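Structure, as structure tokens:
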Amino acid sequence: MDSRIVARQCTLCEAHCGILVTVEGERVTRIEGNPEDVLSQGYICPKATAMGGLHHDPDRLRTPVRRVGDRFEPIGWDAAFREIGQRLRGIRRAHGPSAIAMYLGNPAAHSSSVLYGALLRAVLLTRNFYTASSIDQFPQEFAAWRMFGSNVLMPIADIDRTDRLVILGANPAVSNGSVTTMPDAKQRIRRVRTRGGKVVVIDPRRTETARLADEHIAVRPGGDAYLLLAMLQVLVTENLCDTGVVRARCAGWDELRSVVAEFTPERAAPHAGVDADTIRTLAREHAAARSAVLYARIGVCQQVTGTLTHWLVNTINAVTGNLDRPGGQMFATPPVDAARFAKYLPMAHGAWTDRSGRYKSFRSELPVAALADEILTPGPGQVRAMITYAGNPVLSTPQRGRLDAALESLDFFVAVDMYVTETSRHADIILPPISPLEREDVNLLFPVFSVRNNLRYDARVFEPSAQGLEDWQILARMITELVPLPARRFTTRALNGLFERLSPMRMAALGVAAGPYGVLRRGRKGLTIAKVRAASGGVDLGPLRPRLPSLIGTRDRKVHLAPPDFVTAARELLASAHEAPAAGSDGYDLQLIGRRHLRSNNSWLHNVPAMVKGRDRCTALMHPADARERGLTDGEPVTVSSPTGSIVVTLEVSEEIRAGTVAIPHGWGHREPGVGWQVAAALPGANVNLLHDPALVDPLSGTSAVNNTWVRVQRSAGGATPRDEEATALSRR
């Protein structure tokens with residue numbers, strides 16, 4: 001049997017580690033790390049090995065399907081697109097463009113087809129556009145916009161050169177970095193220590209990353225902003241700031257000093273759950289290090305203080321002279337330099353709101369917290385049709401369980417998805433793209449946030465079938481179907497021809513040619529897609545370089561340390577510090593946080609047997625003292641409830657979590673009837689988002705606050721654990 005090896009990337013998480021895919025005949029027989037990859041250098045995590053299982057999965061849809069009653073039947077591509085066009089145009093004529101909503105999930109960003117997702121959104125002209133960013137990223141973007149003048153200017157932790165790495169609410173040993181793309185984060189963290197640096201992890205849980213660190217500080221859930229404000233107070237009052245750099249490059253220094261002047265570590269300690277001496281040491285060591293970087297991510301994004309926390313992270317790095325310098329926070333110089341031009345794009349904050357007037361638009365989209373109400377609330381502007389692309393918001397967003405009913409009530413729903421998921425099971429038509437191994441691609445997004453400048457190529461492993469379509473081709477056909485009927489006979493053929501000429505690969509080639517390394521700037525020695533394609537591990541474009549003055553988008557060209565809305569929010573938070581730390585009520589006495597596993601990435605991989613075998617990973621992690629107080633034992637089923645809902649999961653007792661805290665991963669809950677992934681349905685777990693109140697959001701960015709929900713945990717009725725029931729279901733298949 002013929003055997004071949006194809007070099008490309010794993011596209012299942014942001015790291016995009018380089019892999020070598022061995023194929024015999026039409027089967028993937030092995031996936032291993034590519035030692036020539038310029039960013040991952042041979043490292044892969046278990047998720048990469050799932051690429052073959054995902055491609056060969058018998059439950060993956062290969063052709064479009066249409067819902068007929070309570071089941072799906074195959075439908076041809078042309079018939080599917082005709083029906084989609086007729087239904088969407090009719091709804092738009094009758095109710096206006098905003099009667100059609102669109103949702104983009106995280107996987108959309110993992111291919112250049114996301115450009116066509118943005119184009120479809122533009123053609124729809126709807127105000128009801130939503131993405132997963134308002135679950136996991138908006139606070140970072142919002143802080144970057146207010147401080148640096150562009151949401152794209154989210155700083156990167158220069159981990160490979162820093163002398164001090166402080167990680168807050170992030171677990172890169174599992175995620176391999178996010179908005180700081182760092183494959184093999186474990187080894188990069190070890191190297192910080194090997195060269196004499198120090199690593200500190202601030203997290204309520206002793207995470208996989210904390211186990212690699214010199215020091216773990218178990219902050220109280222939601223206490224991050226108090227801790228950082230107190231650190232800033234120490235830096236200011238002890239004259240530990242680089243005031244020369246601050247006054248030359250920043251605005252708002254005097255106001256910032258006045259805000260934090262009285263907020264001592266002693267005042268912060270009860271709210272942060274960290275003693276005053278530790279807070280002082282954190283501040284002093286950050287200022288004393290030759291280079292230092294404070295890096296925060298999703299754990300603090302998903303709080304009511306998410307934007308404040310990211311503002312304080314950036315500010316502490318800035319005032320200690322660690323912004324835009326090696327070993328601190330930096331900005332990449334990617335092959336397509338999006339940050340140079342993003343500052344000219346309007347953020348549209350508050351340009352419109354949802355119909356209740358509560359949720360403001362940001363970067364031309366609404367927070368997903370508004371979605372269910374926009375569908376279910378009757379009246380002018382009600383959402384009547386939906387398009388989802390690579391997203392499963394029924395599992396990934398807090399909606400009090402109402403999104404199921406909302407999607408079922410729609411006049412029309414089309415999903416671009418490889419599976420019949422908890423979300424797409426409500427669709428009228430599902431359009432499945434080909435598998436990642438059937439695409440060639442050059443991802444231009446993640447180099448914007450990589451710890452080293454680079455460009456890498458994804459080669460096709462398999463030729464797609466003649467009937468298969470890529471994501472961008474599906475989205476392009478939908479765009480042409482939305483052209484109003486009188487003009488369609490003249491424009492549809494022209495548009496289809498134009499889109500074929502402007503495939504993502506061709507647009508990437510143009511972008512790279514015009515970019516900072518491209519042939520239009522550097523002549524024959526410049527970078528081209530052909531050169532990237534010829535390099536099996538991609539092209540290394542060097543370390544990050546200081547460049548903020550050329551990127552900054554604020555009117556005065558300075559870093560804004562004290563945006564007025566942030567200062568107001570900080571003063572309100574400081575005023576609340578006079579009171580005792582928040583506590584639960586009505587028996588809700590534990591704070592719920594999220595967690596992630598190396599083999600799991602949202603709900604994407606739960607239908608690949610290799611990714612879900614072994615021990616139960618959808619568990620409630622609890623400290624032994626909390627378990628004893630409640631008479632609970634490791635491995636028994638427990639009911640976790642909040643004022644919003646309740647779920648049943650298996651209890652996992654461990655000293656690796658702070659007392660008073662419980663952690664449950666998200667992305668599970670495959671119990672709904674009609675889903676098309678059989679392995680996932682047999683090992684369903686529970687949907688933790690049923691516990692979160694969708695009305696609880698970060699007031700600045702509108703991001704759903706799904707960390708720090710107050711819950712109670714009790715012994716569950718019945719003898720079998722959830723995993724026992726799931727194993728029994730599997731044995732019956």
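Lettering and numbering for the structure tokens are positional, with chains as A, B, ... in the shown order, residues counted from 1 in each chain, and ligands counted from 1 in the shown order.
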
Exercise. List every residue of range 157-332 of chain A that DSSP, applied to the backbone of this structure, assigns to strand (DSSP E), and report them as a list in words.
Key: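 After running DSSP on the backbone, range 157-332 of chain A has strand (DSSP E) at Ala157, Arg164, Leu165, Val166, Ile167, Leu168, Lys198, Val199, Val200, Val201, Ile202, Glu215, His216, Ile217, Cys250, Ala251, Val293, Leu294, Tyr295, Ala296, Gln329 and Met330 of chain A.
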
Practice problem: Determine, counting only C-alpha atoms, which protein, DNA and RNA residues have an atom within 8 Å of an atom of Leu308 in chain A; residues of the same chain fewer than 3 positions away are not included. Present the result as number ranges by chain. | Solution: A: 139, 143, 225, 305, 311-312, 566, 569-570

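Of the residues under consideration (A:Ile91, A:Val608, A:Leu590, A:Cys618), A:Leu590 shows the shortest atom-to-atom contact distance to Gly660 in chain A when counting only C-alpha atoms.
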
Please tabulate, as CSV, the residues of range 444-471 of chain A that come within 12 Å of range 511-517 of chain A, each with its closest pair of atoms and the distance in Å to one decimal, counting only C-alpha atoms and ordering rows by chain, then residue number upward.
residue,atom,partner,partner_atom,distance
A:Leu444,CA,A:Val512,CA,9.0
A:Asn453,CA,A:Tyr517,CA,10.7
A:Asn454,CA,A:Tyr517,CA,10.5
A:Leu455,CA,A:Val512,CA,9.5
A:Arg456,CA,A:Val512,CA,11.8

Quiz prompt | Sel. of alpha helix (DSSP H) residues, range 554-668 of chain A, as number ranges by chain | solution = A: 564-576, 609-612, 624-630

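Of the residues listed (A:Ala695, A:Arg188, A:Trp604, A:Val539), A:Ala695 shows the shortest atom-to-atom separation from Asp373 in chain A; distances use only C-alpha atoms.
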
Quiz item: Looking at only C-alpha atoms, which of A:Ala680, A:Gly69, A:Pro436, A:Trp352 is the one that sits closest to Lys613 in chain A?
Solution: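 Checking each candidate against Lys613 in chain A, we get A:Ala680 as the closest.
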
Self-check item: Option closest in space to Ala173 in chain A, from A:Cys250, A:Leu376, A:Ala185, A:Val245 [counting only C-alpha atoms]
Solution: A:Ala185

Quiz item: Quick one: of A:Thr320, A:Ser503, A:Thr207, A:Thr639, who's nearest to Thr243 in chain A, counting only C-alpha atoms?
Solution: A:Thr320

Once you count only C-alpha atoms, what closest atom pair and distance in Å to one decimal does each residue of range 285-320 of chain A within 9 Å of range 704-713 of chain A have, with rows by chain and rising residue number, as JSON lines?
{"residue": "A:Gly299", "atom": "CA", "partner": "A:Asn707", "partner_atom": "CA", "distance": 7.1}
{"residue": "A:Val300", "atom": "CA", "partner": "A:Asn707", "partner_atom": "CA", "distance": 7.9}
{"residue": "A:Cys301", "atom": "CA", "partner": "A:Ala705", "partner_atom": "CA", "distance": 8.0}
{"residue": "A:Gln302", "atom": "CA", "partner": "A:Ala705", "partner_atom": "CA", "distance": 4.6}
{"residue": "A:Gln303", "atom": "CA", "partner": "A:Ala705", "partner_atom": "CA", "distance": 4.4}
{"residue": "A:Val304", "atom": "CA", "partner": "A:Ala705", "partner_atom": "CA", "distance": 5.5}
{"residue": "A:Thr305", "atom": "CA", "partner": "A:Ala705", "partner_atom": "CA", "distance": 8.6}
{"residue": "A:Gly306", "atom": "CA", "partner": "A:Ala705", "partner_atom": "CA", "distance": 8.2}
